Amino acid sequence: MMCSMSSPSAPPAILVFDSGLGGLTVYREVVKVRPDANFIYALDDAFFPYGRREEPVLVERVLDVMDGWLTVHRPDLVVVACNTASTLVLPQLRARFQVPFVGTVPAIKPACAGSKTKLVSVLGTEATVSREYTRALIRDFAQGCAVTLVGSQRLAELAEAALTGEPVSDDAIAAELAPCFAEADGARTDTVVLACTHYPLLLDRLQKLAPWPVNFIDPAPAIARRVTDLLGPADGGGAKATGRAVFSSGRGPGPGLGAALARFGLETGVPAGAGV
């Protein structure tokens, strides 16, 4: 499928895609580097959460929903702001569609390069940490670090709930975080890779609830830099980014979700069914 590119003088159209709200952590970083762009934040809310889907089903779903979004919105670049989808479907997306894709994968290489104690944890969905892609990153880039893989069942959903104003207890978050912290031969974990884009939504609470200080690695700034590599920097003309959210379910957001999206500068006044 061919997607038309914007003219050289027009601001680029960037589609940021996730199954839920986690991609907002990537969206806000990309807006910083391309404040002139027109953004579509595309939620596959009808299929959330991805981490619990069987791989063949998820591959088919992502390819199908992406085909619809590319046809409707015709972006110049797509950011797959989801570790689960990126570690599974990026090769197929790039093979099928001609638009450039920027993926989100666990930041194991920089985490291990920067660790002093050589004890690093990767906190992701159960699907992301069990995937061969993640294990290959560890084999290639561990650099002598002992890497603990922690698959969280609930943290993505807790992050969504907290963002939309629902009460989320510290105990619930701490229970998902606790397995990341290890001690060996007098050393402690000093780096935790946030391998799900939802998790930086809870960063302040993760830092507060950690049993000792660690460096939490958020991949979003690196993703934003990759977008700039592919599209170039903003034109400097002072144009302001526009953004709207679309939903695969065709449902409009409730008050909590609408308020959360508005805080990120995203409009939600999209006709029913326009999300796919």
# chains A, B, ... in the order shown; residues from 1 in each chain; ligands from 1
$ residues_around --residues "Leu230 (chain A)" --least-positions-apart "5" --cutoff "10 Å" --atoms "only C-alpha atoms" --output "list of chain:residue names"
A:Leu77, A:Pro100, A:Phe101, A:Val102, A:Arg225
$ write_last_selection --atoms "N, CA and C atoms" --output "PDB file, in the first residue's frame"
ATOM      1  N   LEU A  77       4.771   9.233   8.654  1.00  0.00           N
ATOM      2  CA  LEU A  77       5.567   8.358   9.506  1.00  0.00           C
ATOM      3  C   LEU A  77       4.657   7.816  10.593  1.00  0.00           C
ATOM      4  N   PRO A 100       7.409   4.928   6.626  1.00  0.00           N
ATOM      5  CA  PRO A 100       8.403   4.555   7.641  1.00  0.00           C
ATOM      6  C   PRO A 100       7.757   4.273   8.997  1.00  0.00           C
ATOM      7  N   PHE A 101       8.270   3.253   9.682  1.00  0.00           N
ATOM      8  CA  PHE A 101       7.818   2.905  11.024  1.00  0.00           C
ATOM      9  C   PHE A 101       8.968   3.066  12.006  1.00  0.00           C
ATOM     10  N   VAL A 102       8.686   3.698  13.142  1.00  0.00           N
ATOM     11  CA  VAL A 102       9.632   3.775  14.256  1.00  0.00           C
ATOM     12  C   VAL A 102       9.052   2.935  15.380  1.00  0.00           C
ATOM     13  N   ARG A 225      14.193  11.108  19.031  1.00  0.00           N
ATOM     14  CA  ARG A 225      15.397  11.402  18.232  1.00  0.00           C
ATOM     15  C   ARG A 225      15.367  10.643  16.913  1.00  0.00           C
TER      16      ARG A 225
END
$ residues_around --residues "Gly186 (chain A)" --least-positions-apart "3" --cutoff "12 Å" --atoms "only C-alpha atoms" --output "list in words"
Thr117, Lys118, Leu119, Ala182, Glu183 and Thr189 of chain A
$ write_last_selection --atoms "N, CA, C and O atoms" --output "mmCIF file, in the first residue's frame"
data_model
loop_
_atom_site.group_PDB
_atom_site.id
_atom_site.type_symbol
_atom_site.label_atom_id
_atom_site.label_comp_id
_atom_site.auth_asym_id
_atom_site.auth_seq_id
_atom_site.Cartn_x
_atom_site.Cartn_y
_atom_site.Cartn_z
ATOM 1 N N THR A 117 26.450 -1.455 38.874
ATOM 2 C CA THR A 117 26.463 -2.693 39.654
ATOM 3 C C THR A 117 26.332 -3.936 38.787
ATOM 4 O O THR A 117 26.497 -5.058 39.280
ATOM 5 N N LYS A 118 26.006 -3.742 37.516
ATOM 6 C CA LYS A 118 25.798 -4.843 36.566
ATOM 7 C C LYS A 118 24.591 -5.707 36.924
ATOM 8 O O LYS A 118 24.520 -6.875 36.533
ATOM 9 N N LEU A 119 23.651 -5.118 37.634
ATOM 10 C CA LEU A 119 22.378 -5.780 37.912
ATOM 11 C C LEU A 119 21.272 -4.904 37.327
ATOM 12 O O LEU A 119 21.021 -3.794 37.807
ATOM 13 N N ALA A 182 16.884 -6.779 42.974
ATOM 14 C CA ALA A 182 17.670 -7.964 43.332
ATOM 15 C C ALA A 182 18.954 -7.534 44.033
ATOM 16 O O ALA A 182 19.455 -6.415 43.834
ATOM 17 N N GLU A 183 19.493 -8.442 44.828
ATOM 18 C CA GLU A 183 20.779 -8.232 45.488
ATOM 19 C C GLU A 183 21.635 -9.469 45.264
ATOM 20 O O GLU A 183 21.146 -10.600 45.351
ATOM 21 N N THR A 189 20.419 -4.092 42.294
ATOM 22 C CA THR A 189 19.917 -3.557 41.028
ATOM 23 C C THR A 189 20.027 -2.038 41.038
ATOM 24 O O THR A 189 19.608 -1.383 42.002
#
$ residues_around --residues "region 13-24 of chain A" --least-positions-apart "6" --cutoff "9 Å" --atoms "only C-alpha atoms" --output "compact mmCIF listing (two decimals) with N, CA and C atoms, in the first residue's frame"
# COMPACT_ATOMS: atom_id res chain seq x y z
N MET A 5 3.21 11.29 0.65
CA MET A 5 4.00 12.10 1.57
C MET A 5 3.59 13.55 1.45
N SER A 6 3.75 14.29 2.55
CA SER A 6 3.46 15.71 2.51
C SER A 6 4.43 16.41 1.58
N ALA A 37 4.26 19.50 13.69
CA ALA A 37 3.62 18.39 12.98
C ALA A 37 2.13 18.30 13.29
N ASN A 38 1.43 17.56 12.44
CA ASN A 38 0.04 17.21 12.68
C ASN A 38 0.01 15.75 13.14
N PHE A 39 -0.56 15.53 14.32
CA PHE A 39 -0.51 14.21 14.95
C PHE A 39 -1.88 13.55 14.99
N ILE A 40 -1.86 12.24 14.76
CA ILE A 40 -2.99 11.37 15.05
C ILE A 40 -2.52 10.40 16.13
N TYR A 41 -3.21 10.40 17.26
CA TYR A 41 -2.93 9.41 18.29
C TYR A 41 -3.99 8.31 18.16
N ALA A 42 -3.56 7.15 17.70
CA ALA A 42 -4.48 6.07 17.33
C ALA A 42 -4.46 4.98 18.40
N LEU A 43 -5.61 4.78 19.05
CA LEU A 43 -5.73 3.78 20.09
C LEU A 43 -6.51 2.58 19.56
N ASP A 44 -5.91 1.41 19.68
CA ASP A 44 -6.67 0.20 19.38
C ASP A 44 -7.35 -0.27 20.66
N ASP A 45 -8.25 0.60 21.17
CA ASP A 45 -8.90 0.33 22.45
C ASP A 45 -9.80 -0.90 22.39
N ALA A 46 -10.27 -1.24 21.21
CA ALA A 46 -11.13 -2.41 21.07
C ALA A 46 -10.38 -3.71 21.34
N PHE A 47 -9.05 -3.66 21.35
CA PHE A 47 -8.24 -4.88 21.51
C PHE A 47 -7.31 -4.79 22.72
N PHE A 48 -7.46 -3.77 23.55
CA PHE A 48 -6.62 -3.59 24.73
C PHE A 48 -6.99 -4.61 25.80
N PRO A 49 -5.98 -5.19 26.50
CA PRO A 49 -4.53 -4.99 26.38
C PRO A 49 -3.88 -5.99 25.44
N TYR A 50 -2.90 -5.55 24.70
CA TYR A 50 -2.20 -6.43 23.76
C TYR A 50 -1.44 -7.55 24.45
N MET A 66 -3.82 -1.28 11.23
CA MET A 66 -2.90 -0.32 10.64
C MET A 66 -3.26 -0.02 9.19
N TRP A 69 -6.00 2.55 9.34
CA TRP A 69 -5.55 3.88 9.74
C TRP A 69 -4.71 4.55 8.66
N LEU A 70 -3.86 3.79 8.00
CA LEU A 70 -3.03 4.39 6.94
C LEU A 70 -3.90 4.85 5.77
N HIS A 73 -5.80 8.14 7.24
CA HIS A 73 -5.04 9.30 7.72
C HIS A 73 -3.80 9.61 6.90
N ARG A 74 -3.29 8.67 6.14
CA ARG A 74 -2.17 8.87 5.22
C ARG A 74 -1.00 9.63 5.86
N PRO A 75 -0.43 9.08 6.92
CA PRO A 75 0.67 9.76 7.61
C PRO A 75 1.98 9.65 6.84
N ASP A 76 2.90 10.53 7.19
CA ASP A 76 4.25 10.48 6.63
C ASP A 76 5.15 9.53 7.41
N LEU A 77 4.77 9.23 8.65
CA LEU A 77 5.57 8.36 9.51
C LEU A 77 4.66 7.82 10.59
N VAL A 78 4.91 6.57 11.01
CA VAL A 78 4.15 5.94 12.08
C VAL A 78 5.11 5.58 13.22
N VAL A 79 4.73 5.96 14.42
CA VAL A 79 5.45 5.53 15.62
C VAL A 79 4.63 4.43 16.29
N VAL A 80 5.18 3.24 16.36
CA VAL A 80 4.52 2.14 17.06
C VAL A 80 4.94 2.25 18.53
N ALA A 81 4.12 2.95 19.31
CA ALA A 81 4.47 3.29 20.68
C ALA A 81 4.03 2.21 21.65
N CYS A 82 4.42 0.99 21.32
CA CYS A 82 4.00 -0.19 22.09
C CYS A 82 5.09 -1.25 21.97
N ALA A 85 3.68 -4.75 20.55
CA ALA A 85 3.49 -4.77 19.10
C ALA A 85 4.82 -4.66 18.36
N ALA A 156 0.19 -2.06 33.36
CA ALA A 156 -0.33 -1.24 32.27
C ALA A 156 -1.76 -0.79 32.57
N ALA A 159 -1.75 1.84 35.25
CA ALA A 159 -1.34 3.14 34.72
C ALA A 159 -2.50 3.83 34.00
N GLU A 160 -3.25 3.07 33.21
CA GLU A 160 -4.41 3.65 32.53
C GLU A 160 -5.44 4.15 33.53
N LEU A 163 -4.24 7.39 35.18
CA LEU A 163 -4.25 8.54 34.27
C LEU A 163 -5.66 9.11 34.12
N CYS A 196 7.47 -1.02 28.74
CA CYS A 196 6.09 -0.81 28.32
C CYS A 196 5.85 0.69 28.40
N THR A 197 5.30 1.26 27.35
CA THR A 197 5.16 2.72 27.32
C THR A 197 4.16 3.23 28.34
N HIS A 198 3.32 2.35 28.90
CA HIS A 198 2.43 2.77 29.97
C HIS A 198 3.18 3.14 31.25
N TYR A 199 4.28 2.48 31.51
CA TYR A 199 4.89 2.56 32.83
C TYR A 199 5.42 3.96 33.17
N PRO A 200 5.99 4.72 32.22
CA PRO A 200 6.41 6.08 32.59
C PRO A 200 5.26 6.98 33.05
N LEU A 201 4.02 6.62 32.75
CA LEU A 201 2.89 7.38 33.29
C LEU A 201 2.88 7.33 34.82
N LEU A 261 -6.61 12.92 27.77
CA LEU A 261 -6.12 13.22 26.42
C LEU A 261 -5.97 14.72 26.21
N PHE A 264 -2.76 16.22 27.25
CA PHE A 264 -1.67 16.01 26.30
C PHE A 264 -1.90 16.80 25.00
$ residues_around --residues "Thr125 (chain A)" --least-positions-apart "4" --cutoff "7 Å" --atoms "only C-alpha atoms" --output "MDAnalysis selection string"
chainID A and resid 51 129 151:153 196
$ atom_distance --atom1 "CA of Ile223 (chain A)" --atom2 "CA of Cys145 (chain A)"
23.9 Å
